[in-house]
file target.csv (CSV, C-alpha atoms and all ligand atoms)
chain,number,residue,atom,x,y,z
A,1,MET,CA,100.6,23.0,115.7
A,2,ALA,CA,99.0,24.3,112.6
A,3,ARG,CA,100.3,27.6,111.2
A,4,LEU,CA,98.4,30.7,112.2
A,5,ALA,CA,97.4,33.8,110.2
A,6,LEU,CA,96.2,37.0,111.7
A,7,ALA,CA,93.4,37.9,109.3
A,8,VAL,CA,92.5,41.6,109.1
A,9,ASP,CA,89.5,42.9,107.2
A,10,ILE,CA,89.6,46.6,106.6
A,11,GLY,CA,86.2,47.8,105.6
A,12,GLY,CA,84.6,51.2,105.0
A,13,THR,CA,83.5,51.6,108.7
A,14,SER,CA,85.2,48.9,110.7
A,15,ILE,CA,88.4,46.9,110.9
A,16,LYS,CA,88.0,43.2,112.0
A,17,PHE,CA,90.4,40.7,113.3
A,18,GLY,CA,90.5,36.9,113.5
A,19,LEU,CA,93.2,34.3,114.2
A,20,ILE,CA,92.7,31.5,111.7
A,21,ASP,CA,94.8,28.3,111.2
A,22,GLN,CA,95.7,26.6,107.9
A,23,HIS,CA,92.8,24.2,108.2
A,24,GLY,CA,90.3,27.1,108.4
A,25,GLN,CA,89.7,26.9,112.2
A,26,GLN,CA,89.2,30.1,114.0
A,27,HIS,CA,91.1,30.6,117.3
A,28,GLY,CA,89.5,32.9,119.8
A,29,ASP,CA,86.9,35.5,119.0
A,30,LEU,CA,86.5,37.8,116.0
A,31,THR,CA,86.8,41.4,117.1
A,32,ARG,CA,86.2,44.8,115.5
A,33,HIS,CA,87.1,48.4,115.9
A,34,PRO,CA,85.9,51.5,114.0
A,35,VAL,CA,88.2,52.7,111.2
A,36,PRO,CA,90.0,55.9,112.2
A,37,PHE,CA,89.7,58.7,109.8
A,38,CYS,CA,91.9,61.9,109.3
A,39,PRO,CA,90.3,65.4,109.3
A,40,ASP,CA,90.5,65.4,105.4
A,41,GLY,CA,88.1,62.4,105.3
A,42,SER,CA,90.7,59.8,104.3
A,43,ALA,CA,91.4,56.7,106.5
A,44,ASP,CA,94.2,57.2,108.9
A,45,MET,CA,96.9,54.6,108.1
A,46,ASP,CA,99.0,55.2,111.2
A,47,GLY,CA,95.8,54.9,113.3
A,48,LEU,CA,95.0,51.6,111.6
A,49,PHE,CA,98.5,50.3,112.4
A,50,ALA,CA,98.2,51.4,116.0
A,51,ILE,CA,95.0,49.3,116.3
A,52,MET,CA,96.7,46.3,114.6
A,53,GLN,CA,99.8,46.5,116.8
A,54,PRO,CA,98.5,44.7,120.0
A,55,TYR,CA,96.9,42.0,117.8
A,56,VAL,CA,100.1,41.4,115.9
A,57,GLU,CA,102.1,41.2,119.2
A,58,ARG,CA,99.7,38.8,120.8
A,59,ALA,CA,99.5,36.5,117.7
A,60,SER,CA,103.2,36.6,117.2
A,61,ALA,CA,103.7,35.3,120.8
A,62,LEU,CA,101.7,32.2,119.7
A,63,CYS,CA,103.9,31.7,116.7
A,64,VAL,CA,107.5,31.7,118.0
A,65,THR,CA,108.6,28.6,116.0
A,66,ASP,CA,107.0,29.2,112.6
A,67,GLY,CA,106.3,32.9,112.5
A,68,LEU,CA,103.0,34.7,112.1
A,69,LEU,CA,101.4,35.3,108.7
A,70,LEU,CA,99.3,38.4,107.9
A,71,GLY,CA,96.3,38.3,105.6
A,72,ILE,CA,94.8,41.6,104.7
A,73,SER,CA,91.4,42.1,103.1
A,74,MET,CA,90.5,45.6,101.9
A,75,CYS,CA,87.3,47.1,100.6
A,76,GLY,CA,88.6,48.3,97.2
A,77,ASN,CA,90.9,47.7,94.3
A,78,ILE,CA,94.3,46.5,95.5
A,79,ASP,CA,97.5,45.6,93.6
A,80,GLU,CA,98.2,42.2,95.1
A,81,GLN,CA,101.8,42.2,94.0
A,82,THR,CA,102.9,45.6,95.4
A,83,GLY,CA,100.2,46.0,98.1
A,84,GLU,CA,99.2,49.4,96.7
A,85,ALA,CA,95.7,50.5,97.6
A,86,VAL,CA,94.9,51.6,94.0
A,87,LEU,CA,91.3,52.9,94.6
A,88,VAL,CA,89.6,52.3,97.9
A,89,ALA,CA,86.6,54.7,97.7
A,90,ASN,CA,85.2,54.1,101.2
A,91,LEU,CA,88.6,54.9,102.7
A,92,HIS,CA,89.2,57.8,100.3
A,93,TRP,CA,92.5,56.2,99.3
A,94,ARG,CA,93.9,56.4,95.8
A,95,ASN,CA,97.4,55.0,95.0
A,96,VAL,CA,98.3,54.6,98.7
A,97,PRO,CA,101.4,52.4,99.3
A,98,PHE,CA,99.7,50.4,102.0
A,99,GLY,CA,101.7,47.2,101.6
A,100,ALA,CA,105.1,48.9,101.7
A,101,ARG,CA,104.1,50.8,104.9
A,102,LEU,CA,102.7,47.6,106.4
A,103,GLN,CA,106.0,45.8,105.7
A,104,GLU,CA,108.0,48.7,107.2
A,105,ARG,CA,105.8,48.7,110.3
A,106,PHE,CA,105.5,44.9,111.1
A,107,GLY,CA,108.1,43.1,108.9
A,108,LEU,CA,105.9,40.1,108.5
A,109,PRO,CA,105.0,38.0,105.4
A,110,TYR,CA,101.6,39.2,104.2
A,111,ALA,CA,99.1,38.7,101.5
A,112,ILE,CA,96.6,41.4,100.5
A,113,ALA,CA,93.6,41.5,98.2
A,114,THR,CA,90.2,43.0,97.7
A,115,ASP,CA,87.6,41.8,100.2
A,116,VAL,CA,85.2,40.4,97.7
A,117,GLY,CA,87.8,38.3,95.9
A,118,LEU,CA,89.0,36.9,99.2
A,119,ALA,CA,85.4,36.1,100.3
A,120,ALA,CA,85.0,34.1,97.0
A,121,LEU,CA,88.4,32.5,97.7
A,122,ALA,CA,87.3,31.4,101.2
A,123,GLU,CA,84.2,29.8,99.7
A,124,LEU,CA,86.2,28.1,97.0
A,125,GLU,CA,88.8,26.7,99.5
A,126,TRP,CA,86.9,26.0,102.7
A,127,GLY,CA,83.2,26.8,102.1
A,128,VAL,CA,80.1,26.1,100.0
A,129,GLY,CA,82.0,26.7,96.7
A,130,ARG,CA,84.4,23.9,97.3
A,131,GLY,CA,84.7,21.7,94.2
A,132,LEU,CA,82.4,24.0,92.1
A,133,ARG,CA,83.4,25.6,88.8
A,134,ASP,CA,81.2,28.6,88.3
A,135,PHE,CA,79.8,30.7,91.0
A,136,GLY,CA,79.4,34.3,92.2
A,137,TRP,CA,80.0,36.0,95.5
A,138,VAL,CA,77.7,38.9,96.2
A,139,THR,CA,77.9,41.4,99.1
A,140,ILE,CA,75.3,44.0,100.0
A,141,GLY,CA,76.5,46.2,102.8
A,142,THR,CA,78.1,49.6,102.7
A,143,GLY,CA,78.6,48.8,99.0
A,144,TYR,CA,77.2,46.4,96.5
A,145,GLY,CA,79.4,44.1,94.5
A,146,GLY,CA,81.1,40.8,94.3
A,147,TYR,CA,83.5,38.5,92.7
A,148,LEU,CA,83.3,35.5,90.3
A,149,VAL,CA,84.8,32.0,90.2
A,150,LEU,CA,84.8,30.8,86.7
A,151,ASN,CA,86.2,27.4,85.5
A,152,GLY,CA,87.2,26.7,89.1
A,153,GLN,CA,89.4,29.8,89.4
A,154,LEU,CA,88.9,33.3,90.7
A,155,TYR,CA,88.2,35.5,87.8
A,156,LYS,CA,90.3,38.6,88.3
A,157,GLY,CA,89.9,40.4,85.0
A,158,HIS,CA,92.6,42.3,83.0
A,159,HIS,CA,93.6,44.7,85.9
A,160,GLY,CA,92.4,42.5,88.7
A,161,PHE,CA,89.3,44.6,89.3
A,162,ALA,CA,86.6,42.2,88.1
A,163,GLY,CA,83.3,41.7,89.8
A,164,ASN,CA,82.2,45.4,90.2
A,165,PHE,CA,78.7,44.8,89.1
A,166,GLY,CA,77.5,47.3,91.7
A,167,HIS,CA,79.0,49.9,89.4
A,168,THR,CA,76.6,49.1,86.6
A,169,PRO,CA,75.6,52.5,85.2
A,170,LEU,CA,71.8,52.8,85.3
A,171,GLY,CA,71.4,56.3,83.8
A,172,LEU,CA,68.3,57.1,85.9
A,173,PRO,CA,67.4,60.7,86.2
A,174,ASP,CA,67.8,60.8,90.0
A,175,GLY,CA,71.4,59.4,90.0
A,176,ILE,CA,73.8,60.6,92.6
A,177,LEU,CA,77.6,60.6,92.8
A,178,CYS,CA,79.1,57.2,93.5
A,179,GLY,CA,82.2,56.5,95.5
A,180,CYS,CA,83.9,55.4,92.3
A,181,GLY,CA,83.5,58.9,90.8
A,182,GLN,CA,80.7,58.1,88.3
A,183,VAL,CA,77.1,59.2,88.7
A,184,GLY,CA,74.1,56.8,89.1
A,185,CYS,CA,75.8,53.5,89.6
A,186,LEU,CA,73.5,50.7,90.8
A,187,GLU,CA,75.3,50.6,94.2
A,188,THR,CA,74.0,54.1,94.9
A,189,TYR,CA,70.4,52.7,94.8
A,190,VAL,CA,70.7,49.4,96.6
A,191,ALA,CA,73.5,49.4,99.3
A,192,GLY,CA,73.0,50.3,102.9
A,193,PRO,CA,73.5,54.0,102.5
A,194,ALA,CA,70.9,54.1,99.7
A,195,ILE,CA,68.4,52.3,101.9
A,196,ALA,CA,69.1,54.8,104.7
A,197,ARG,CA,68.8,57.8,102.3
A,198,SER,CA,65.5,56.6,101.0
A,199,GLY,CA,64.3,56.0,104.5
A,200,GLN,CA,65.4,59.5,105.6
A,201,ALA,CA,63.5,61.0,102.6
A,202,ALA,CA,60.4,59.1,103.6
A,203,ALA,CA,60.7,60.3,107.2
A,204,ASP,CA,61.3,63.9,106.1
A,205,SER,CA,58.4,64.0,103.6
A,206,GLY,CA,55.9,62.6,106.0
A,207,ASP,CA,55.4,59.4,103.9
A,208,SER,CA,56.6,57.4,106.9
A,209,PRO,CA,55.7,58.6,110.3
A,210,MET,CA,57.0,55.3,111.6
A,211,LEU,CA,60.6,55.9,110.3
A,212,ARG,CA,60.5,59.4,111.8
A,213,ARG,CA,59.5,57.9,115.2
A,214,LEU,CA,62.1,55.1,115.0
A,215,ALA,CA,64.9,57.7,114.2
A,216,ASN,CA,63.7,59.8,117.1
A,217,GLY,CA,65.6,62.9,115.9
A,218,ALA,CA,68.7,61.0,114.7
A,219,ARG,CA,69.4,60.0,111.1
A,220,VAL,CA,67.4,57.0,109.6
A,221,ASN,CA,69.7,54.0,109.1
A,222,ALA,CA,69.1,50.8,107.0
A,223,GLU,CA,68.3,48.8,110.1
A,224,MET,CA,65.4,51.2,110.9
A,225,VAL,CA,64.0,50.7,107.4
A,226,PHE,CA,64.1,47.0,107.8
A,227,GLN,CA,62.4,47.3,111.2
A,228,ALA,CA,59.7,49.5,109.7
A,229,GLU,CA,59.2,47.1,106.9
A,230,GLN,CA,58.8,44.2,109.3
A,231,GLU,CA,56.1,46.2,111.0
A,232,GLY,CA,54.3,46.8,107.7
A,233,ASP,CA,55.2,50.4,107.0
A,234,PRO,CA,54.1,51.0,103.4
A,235,ALA,CA,57.0,53.4,102.6
A,236,ALA,CA,59.6,51.0,104.0
A,237,LEU,CA,58.0,48.1,102.1
A,238,ALA,CA,58.3,50.1,98.9
A,239,ILE,CA,61.9,51.0,99.5
A,240,ILE,CA,63.0,47.4,100.2
A,241,ASP,CA,60.9,46.1,97.3
A,242,THR,CA,62.6,48.5,94.9
A,243,MET,CA,66.0,47.5,96.2
A,244,ILE,CA,65.2,43.8,95.9
A,245,ASP,CA,64.0,44.3,92.3
A,246,ARG,CA,67.1,46.2,91.2
A,247,VAL,CA,69.5,43.7,92.8
A,248,ALA,CA,67.6,40.7,91.4
A,249,ARG,CA,67.5,42.1,87.8
A,250,ASN,CA,71.2,42.8,88.0
A,251,LEU,CA,72.1,39.3,89.3
A,252,ALA,CA,69.7,37.5,86.9
A,253,GLY,CA,71.6,39.3,84.2
A,254,VAL,CA,74.9,38.1,85.6
A,255,VAL,CA,73.7,34.5,85.8
A,256,ASN,CA,72.2,34.7,82.3
A,257,LEU,CA,75.6,36.1,81.0
A,258,LEU,CA,77.8,33.5,82.8
A,259,ASP,CA,75.5,30.5,83.5
A,260,LEU,CA,76.5,30.3,87.2
A,261,GLU,CA,75.4,27.4,89.4
A,262,LEU,CA,75.5,29.3,92.8
A,263,LEU,CA,75.3,32.8,94.3
A,264,VAL,CA,76.8,33.2,97.8
A,265,PHE,CA,75.7,36.3,99.7
A,266,GLY,CA,77.2,38.2,102.6
A,267,GLY,CA,77.3,41.8,103.8
A,268,GLY,CA,75.6,43.7,106.6
A,269,VAL,CA,72.4,44.4,104.7
A,270,VAL,CA,71.8,40.8,103.8
A,271,HIS,CA,72.4,39.8,107.5
A,272,ALA,CA,70.1,42.6,108.7
A,273,SER,CA,66.9,40.9,107.6
A,274,PRO,CA,66.2,37.1,107.8
A,275,THR,CA,63.6,37.4,105.0
A,276,LEU,CA,65.7,39.4,102.5
A,277,LEU,CA,67.7,36.7,100.9
A,278,PRO,CA,64.7,34.3,100.1
A,279,ARG,CA,62.9,37.3,98.5
A,280,ILE,CA,66.0,38.2,96.4
A,281,GLU,CA,66.3,34.6,95.4
A,282,ASP,CA,62.6,34.4,94.3
A,283,ARG,CA,63.0,37.6,92.2
A,284,ILE,CA,66.2,36.4,90.6
A,285,ARG,CA,64.6,33.1,89.6
A,286,THR,CA,61.7,34.9,87.9
A,287,ASN,CA,64.1,36.9,85.8
A,288,LEU,CA,66.3,34.0,84.7
A,289,MET,CA,66.5,33.1,81.0
A,290,THR,CA,66.6,29.3,81.1
A,291,ILE,CA,64.5,26.7,82.9
A,292,GLU,CA,67.7,24.9,83.7
A,293,SER,CA,69.0,27.9,85.7
A,294,ARG,CA,65.6,28.5,87.3
A,295,ARG,CA,65.7,24.9,88.5
A,296,ASN,CA,69.3,24.5,89.4
A,297,LEU,CA,70.6,27.9,90.6
A,298,ARG,CA,71.4,27.8,94.3
A,299,VAL,CA,71.3,31.0,96.4
A,300,VAL,CA,72.9,30.7,99.9
A,301,MET,CA,74.4,32.8,102.7
A,302,GLU,CA,78.2,32.9,103.2
A,303,SER,CA,79.8,29.9,105.0
A,304,PHE,CA,81.7,32.0,107.5
A,305,PRO,CA,80.9,34.7,110.0
A,306,ASN,CA,83.0,36.9,107.8
A,307,SER,CA,84.1,35.3,104.5
A,308,ALA,CA,86.6,38.0,103.5
A,309,LEU,CA,88.4,37.6,106.8
A,310,PHE,CA,88.7,33.8,106.2
A,311,GLY,CA,89.8,34.5,102.6
A,312,ALA,CA,92.5,36.8,103.8
A,313,ALA,CA,93.9,33.8,105.9
A,314,VAL,CA,93.6,31.5,102.8
A,315,ALA,CA,95.6,34.0,100.7
A,316,SER,CA,98.3,34.2,103.3
A,317,PHE,CA,98.6,30.4,103.4
A,318,ILE,CA,98.7,30.2,99.6
A,319,LYS,CA,101.4,32.8,99.4
A,320,ALA,CA,103.4,30.9,102.1
A,321,GLY,CA,103.0,27.7,100.1
A,322,LEU,CA,100.9,26.0,102.8
A,323,LEU,CA,97.8,25.7,100.7
A,324,ASP,CA,97.6,24.6,97.1
A,325,ALA,CA,97.3,27.6,94.8
A,326,SER,CA,97.4,25.7,91.5
A,327,SER,CA,93.7,25.6,90.9
A,328,HIS,CA,92.9,29.0,92.4
A,329,SER,CA,95.1,31.7,90.7
A,401,ZN,ZN,80.2,53.5,91.0

call {"tool": "encode", "arguments": {"input": "target.csv", "output": "structure tokens", "more": "lines below"}}
Ligand SMILES: [Zn+2]
result
Amino acid sequence: MARLALAVDIGGTSIKFGLIDQHGQQHGDLTRHPVPFCPDGSADMDGLFAIMQPYVERASALCVTDGLLLGISMCGNIDEQTGEAVLVANLHWRNVPFGARLQERFGLPYAIATDVGLAALAELEWGVGRGLRDFGWVTIGTGYGGYLVLNGQLYKGHHGFAGNFGHTPLGLPDGILCGCGQVGCLETYVAGPAIARSGQAAADSGDSPMLRRLANGARVNAEMVFQAEQEGDPAALAIIDTMIDRVARNLAGVVNLLDLELLVFGGGVVHASPTLLPRIEDRIRTNLMTIESRRNLRVVMESFPNSALFGAAVASFIKAGLLDASSHS
């Protein structure tokens, strides 16, 4: 039987699980739970481990001969060697010794890395990026960011923190505090919370009676803004159009800088509207510098139901010597 990895994707709002074998096949369903938080606003590590425990036990029972591997994806900057969560803004973690505590708790071989890097790795190993040299992974969800594959390898950068194009400083007068500590990063204008915030403002100001009606006394969320947009609400149309424009200008700049051949998209916001990605693609293309890029750039959805989860499995197999790492790291 193929070796199995329990892949765990710890995001800003949910923790997801999948059992994936070394050929990229998923066994059973993907499942999710809300991330538990402490009263101080930081993610509760013991609570996370308690959620993981039954999954580890069930998966270990299937791996009595070879032993279970753990692949962990996390939504922030991770030290892959030590497993330290260096800066995970959405979990309010800074310099948290996650890997050491994980090792103490479960005693299993594990690999851990930032979710966007793992998503790109999954596309490179098992997905649409297989055999390609230069492409970008882009996620628009709770945050906005991505990762790069350059010359056929993940581009990690000097500290391993590359790909944070959501933290491009815009310097606009209405900038708000970003999770990274800076003010006015691009992410704070285009990610899910920004769409929800703009929608709430439109409901409150009376610009969008439709959003006020959809919210029905609750907070406006990004899905409501997309729904209002589908129904032709002018305020929602303007919010999404501005978001598309900012993302597209940013990514056209990235493609112009690096001459990429492919952009792969994932994240909750991209999945929330079937028409969003084609519109982003059109707008990127109009902003590209060369006719070659305008003609050849491909823009596609991720190859997996959750690319970071599959990438976490890839990383655990590479670390265990079961997949070839020579061209990837
Ligand atoms: Zn930022």

call {"tool": "atom_distance", "arguments": {"input": "target.csv", "atom1": "atom CA of A:Leu48", "atom2": "atom CA of A:Ile15"}}
result
8.1 Å

call {"tool": "closest_residue", "arguments": {"input": "target.csv", "among": "A:Asn296, A:Leu262, A:Arg94, A:Ala315", "to": "A:Ala7", "atoms": "all atoms listed in the file"}}
result
A:Ala315

call {"tool": "atom_distance", "arguments": {"input": "target.csv", "atom1": "atom CA of A:Pro278", "atom2": "atom CA of A:Glu125"}}
result
25.3 Å

call {"tool": "closest_atom_pairs", "arguments": {"input": "target.csv", "of": "chain A", "to": "ligand ZN 401 (chain A)", "cutoff": "10 Å", "atoms": "all atoms listed in the file", "output": "Markdown table"}}
result
| residue | atom | partner | partner_atom | distance |
| --- | --- | --- | --- | --- |
| A:Ala89 | CA | A:ZN401 | ZN | 9.3 |
| A:Gly143 | CA | A:ZN401 | ZN | 9.4 |
| A:Tyr144 | CA | A:ZN401 | ZN | 9.5 |
| A:Asn164 | CA | A:ZN401 | ZN | 8.4 |
| A:Phe165 | CA | A:ZN401 | ZN | 9.0 |
| A:Gly166 | CA | A:ZN401 | ZN | 6.8 |
| A:His167 | CA | A:ZN401 | ZN | 4.1 |
| A:Thr168 | CA | A:ZN401 | ZN | 7.2 |
| A:Pro169 | CA | A:ZN401 | ZN | 7.5 |
| A:Ile176 | CA | A:ZN401 | ZN | 9.7 |
| A:Leu177 | CA | A:ZN401 | ZN | 7.8 |
| A:Cys178 | CA | A:ZN401 | ZN | 4.6 |
| A:Gly179 | CA | A:ZN401 | ZN | 5.8 |
| A:Cys180 | CA | A:ZN401 | ZN | 4.4 |
| A:Gly181 | CA | A:ZN401 | ZN | 6.3 |
| A:Gln182 | CA | A:ZN401 | ZN | 5.4 |
| A:Val183 | CA | A:ZN401 | ZN | 6.9 |
| A:Gly184 | CA | A:ZN401 | ZN | 7.2 |
| A:Cys185 | CA | A:ZN401 | ZN | 4.6 |
| A:Leu186 | CA | A:ZN401 | ZN | 7.3 |
| A:Glu187 | CA | A:ZN401 | ZN | 6.5 |
| A:Thr188 | CA | A:ZN401 | ZN | 7.3 |

call {"tool": "residues_around", "arguments": {"input": "target.csv", "residues": "A:Leu322", "least_positions_apart": "2", "cutoff": "12 Å", "atoms": "all atoms listed in the file", "output": "list in words"}}
result
Ala2, Arg3, Leu4, Ala5, Asp21, Gln22, His23, Asp66, Leu69, Ala313, Val314, Ala315, Ser316, Phe317, Ile318, Lys319, Ala320, Asp324, Ala325 and Ser326 of chain A

call {"tool": "atom_distance", "arguments": {"input": "target.csv", "atom1": "atom CA of A:Gly99", "atom2": "atom CA of A:Leu121"}}
result
20.2 Å

call {"tool": "residues_around", "arguments": {"input": "target.csv", "residues": "A:Leu260", "least_positions_apart": "6", "cutoff": "10 Å", "atoms": "only C-alpha atoms", "output": "list in words"}}
result
Leu132, Arg133, Asp134, Phe135, Gly136, Leu148, Val149, Leu150, Ala252, Val254, Ser293, Asn296, Leu297 and Arg298 of chain A

call {"tool": "residues_around", "arguments": {"input": "target.csv", "residues": "A:Gln227", "least_positions_apart": "6", "cutoff": "12 Å", "atoms": "all atoms listed in the file", "output": "list of chain:residue names"}}
result
A:Ala196, A:Gly199, A:Met210, A:Leu211, A:Arg213, A:Leu214, A:Ala215, A:Val220, A:Asn221, A:Asp233, A:Pro234, A:Ala235, A:Ala236, A:Leu237, A:Ile240, A:Ala272, A:Ser273, A:Pro274, A:Thr275

call {"tool": "closest_atom_pairs", "arguments": {"input": "target.csv", "of": "stretch 54-152 of chain A", "to": "stretch 36-42 of chain A", "cutoff": "8 Å", "atoms": "all atoms listed in the file", "output": "tab-separated table"}}
result
residue	atom	partner	partner_atom	distance
A:Leu91	CA	A:Ser42	CA	5.6
A:His92	CA	A:Ser42	CA	4.7
A:Trp93	CA	A:Ser42	CA	6.4

call {"tool": "residues_around", "arguments": {"input": "target.csv", "residues": "A:Met52", "least_positions_apart": "3", "cutoff": "10 Å", "atoms": "all atoms listed in the file", "output": "list of chain:residue names"}}
result
A:Leu6, A:Val8, A:Ile15, A:Lys16, A:Phe17, A:His33, A:Asp46, A:Gly47, A:Leu48, A:Phe49, A:Tyr55, A:Val56, A:Glu57, A:Phe106

call {"tool": "residues_around", "arguments": {"input": "target.csv", "residues": "A:Arg279", "least_positions_apart": "6", "cutoff": "12 Å", "atoms": "all atoms listed in the file", "output": "PDB file with C-alpha atoms, in the coordinates of the input"}}
result
ATOM      1  CA  ILE A 240      63.000  47.400 100.200  1.00  0.00           C
ATOM      2  CA  ASP A 241      60.900  46.100  97.300  1.00  0.00           C
ATOM      3  CA  THR A 242      62.600  48.500  94.900  1.00  0.00           C
ATOM      4  CA  MET A 243      66.000  47.500  96.200  1.00  0.00           C
ATOM      5  CA  ILE A 244      65.200  43.800  95.900  1.00  0.00           C
ATOM      6  CA  ASP A 245      64.000  44.300  92.300  1.00  0.00           C
ATOM      7  CA  VAL A 247      69.500  43.700  92.800  1.00  0.00           C
ATOM      8  CA  ALA A 248      67.600  40.700  91.400  1.00  0.00           C
ATOM      9  CA  VAL A 270      71.800  40.800 103.800  1.00  0.00           C
ATOM     10  CA  SER A 273      66.900  40.900 107.600  1.00  0.00           C
ATOM     11  CA  ARG A 285      64.600  33.100  89.600  1.00  0.00           C
ATOM     12  CA  THR A 286      61.700  34.900  87.900  1.00  0.00           C
ATOM     13  CA  VAL A 299      71.300  31.000  96.400  1.00  0.00           C
TER      14      VAL A 299
END

call {"tool": "residues_near_point", "arguments": {"input": "target.csv", "point": "(85.7, 29.6, 108.4)", "cutoff": "7 Å", "atoms": "only C-alpha atoms", "output": "list in words"}}
result
Gly24, Gln25, Gln26, Trp126, Ser303, Phe304 and Phe310 of chain A

call {"tool": "closest_residue", "arguments": {"input": "target.csv", "among": "A:Pro34, A:Gly146, A:Gly67, A:Gly141", "to": "A:Leu263", "atoms": "only C-alpha atoms"}}
result
A:Gly146

call {"tool": "residues_near_point", "arguments": {"input": "target.csv", "point": "(89.7, 47.1, 101.5)", "cutoff": "10 Å", "atoms": "only C-alpha atoms", "output": "list in words"}}
result
Val8, Asp9, Ile10, Gly11, Gly12, Ile15, Ile72, Ser73, Met74, Cys75, Gly76, Asn77, Ile78, Ala85, Leu87, Val88, Ala89, Asn90, Leu91, Trp93, Ile112, Ala113, Thr114, Asp115, Val116 and Ala308 of chain A

call {"tool": "closest_residue", "arguments": {"input": "target.csv", "among": "A:Gly117, A:Ala218, A:Val190, A:Ser14", "to": "A:Ala203", "atoms": "all atoms listed in the file"}}
result
A:Ala218

call {"tool": "decode", "arguments": {"input": "target.csv", "residues": "stretch 136-148 of chain A", "atoms": "N, CA, C and O atoms", "output": "PDB file, in the first residue's frame"}}
result
ATOM      1  N   GLY A 136       3.166  31.529 -10.956  1.00  0.00           N
ATOM      2  CA  GLY A 136       2.803  32.104  -9.668  1.00  0.00           C
ATOM      3  C   GLY A 136       1.548  31.449  -9.126  1.00  0.00           C
ATOM      4  O   GLY A 136       0.643  31.085  -9.886  1.00  0.00           O
ATOM      5  N   TRP A 137       1.527  31.275  -7.814  1.00  0.00           N
ATOM      6  CA  TRP A 137       0.332  30.828  -7.111  1.00  0.00           C
ATOM      7  C   TRP A 137      -0.260  32.052  -6.433  1.00  0.00           C
ATOM      8  O   TRP A 137       0.461  32.839  -5.813  1.00  0.00           O
ATOM      9  N   VAL A 138      -1.565  32.247  -6.575  1.00  0.00           N
ATOM     10  CA  VAL A 138      -2.230  33.420  -6.017  1.00  0.00           C
ATOM     11  C   VAL A 138      -3.426  32.966  -5.199  1.00  0.00           C
ATOM     12  O   VAL A 138      -4.224  32.149  -5.669  1.00  0.00           O
ATOM     13  N   THR A 139      -3.570  33.480  -4.000  1.00  0.00           N
ATOM     14  CA  THR A 139      -4.765  33.175  -3.217  1.00  0.00           C
ATOM     15  C   THR A 139      -5.441  34.472  -2.792  1.00  0.00           C
ATOM     16  O   THR A 139      -4.776  35.428  -2.380  1.00  0.00           O
ATOM     17  N   ILE A 140      -6.754  34.496  -2.970  1.00  0.00           N
ATOM     18  CA  ILE A 140      -7.560  35.604  -2.448  1.00  0.00           C
ATOM     19  C   ILE A 140      -8.614  34.974  -1.556  1.00  0.00           C
ATOM     20  O   ILE A 140      -9.484  34.239  -2.036  1.00  0.00           O
ATOM     21  N   GLY A 141      -8.483  35.227  -0.263  1.00  0.00           N
ATOM     22  CA  GLY A 141      -9.421  34.663   0.696  1.00  0.00           C
ATOM     23  C   GLY A 141      -9.448  35.586   1.900  1.00  0.00           C
ATOM     24  O   GLY A 141      -9.710  36.783   1.756  1.00  0.00           O
ATOM     25  N   THR A 142      -9.162  35.021   3.081  1.00  0.00           N
ATOM     26  CA  THR A 142      -9.015  35.872   4.264  1.00  0.00           C
ATOM     27  C   THR A 142      -7.875  36.865   4.040  1.00  0.00           C
ATOM     28  O   THR A 142      -7.903  37.984   4.537  1.00  0.00           O
ATOM     29  N   GLY A 143      -6.873  36.429   3.317  1.00  0.00           N
ATOM     30  CA  GLY A 143      -5.759  37.297   2.936  1.00  0.00           C
ATOM     31  C   GLY A 143      -5.591  37.297   1.424  1.00  0.00           C
ATOM     32  O   GLY A 143      -6.375  36.681   0.695  1.00  0.00           O
ATOM     33  N   TYR A 144      -4.583  38.032   0.978  1.00  0.00           N
ATOM     34  CA  TYR A 144      -4.239  38.042  -0.444  1.00  0.00           C
ATOM     35  C   TYR A 144      -2.732  37.876  -0.540  1.00  0.00           C
ATOM     36  O   TYR A 144      -1.979  38.622   0.104  1.00  0.00           O
ATOM     37  N   GLY A 145      -2.291  36.873  -1.308  1.00  0.00           N
ATOM     38  CA  GLY A 145      -0.847  36.659  -1.425  1.00  0.00           C
ATOM     39  C   GLY A 145      -0.570  35.512  -2.356  1.00  0.00           C
ATOM     40  O   GLY A 145      -1.426  35.141  -3.159  1.00  0.00           O
ATOM     41  N   GLY A 146       0.601  34.949  -2.226  1.00  0.00           N
ATOM     42  CA  GLY A 146       0.922  33.849  -3.113  1.00  0.00           C
ATOM     43  C   GLY A 146       2.331  33.369  -2.951  1.00  0.00           C
ATOM     44  O   GLY A 146       2.962  33.590  -1.902  1.00  0.00           O
ATOM     45  N   TYR A 147       2.793  32.703  -3.976  1.00  0.00           N
ATOM     46  CA  TYR A 147       4.129  32.140  -3.964  1.00  0.00           C
ATOM     47  C   TYR A 147       4.581  31.993  -5.406  1.00  0.00           C
ATOM     48  O   TYR A 147       3.758  32.058  -6.321  1.00  0.00           O
ATOM     49  N   LEU A 148       5.877  31.828  -5.587  1.00  0.00           N
ATOM     50  CA  LEU A 148       6.416  31.789  -6.932  1.00  0.00           C
ATOM     51  C   LEU A 148       7.233  30.530  -7.167  1.00  0.00           C
ATOM     52  O   LEU A 148       7.922  30.048  -6.255  1.00  0.00           O
TER      53      LEU A 148
END
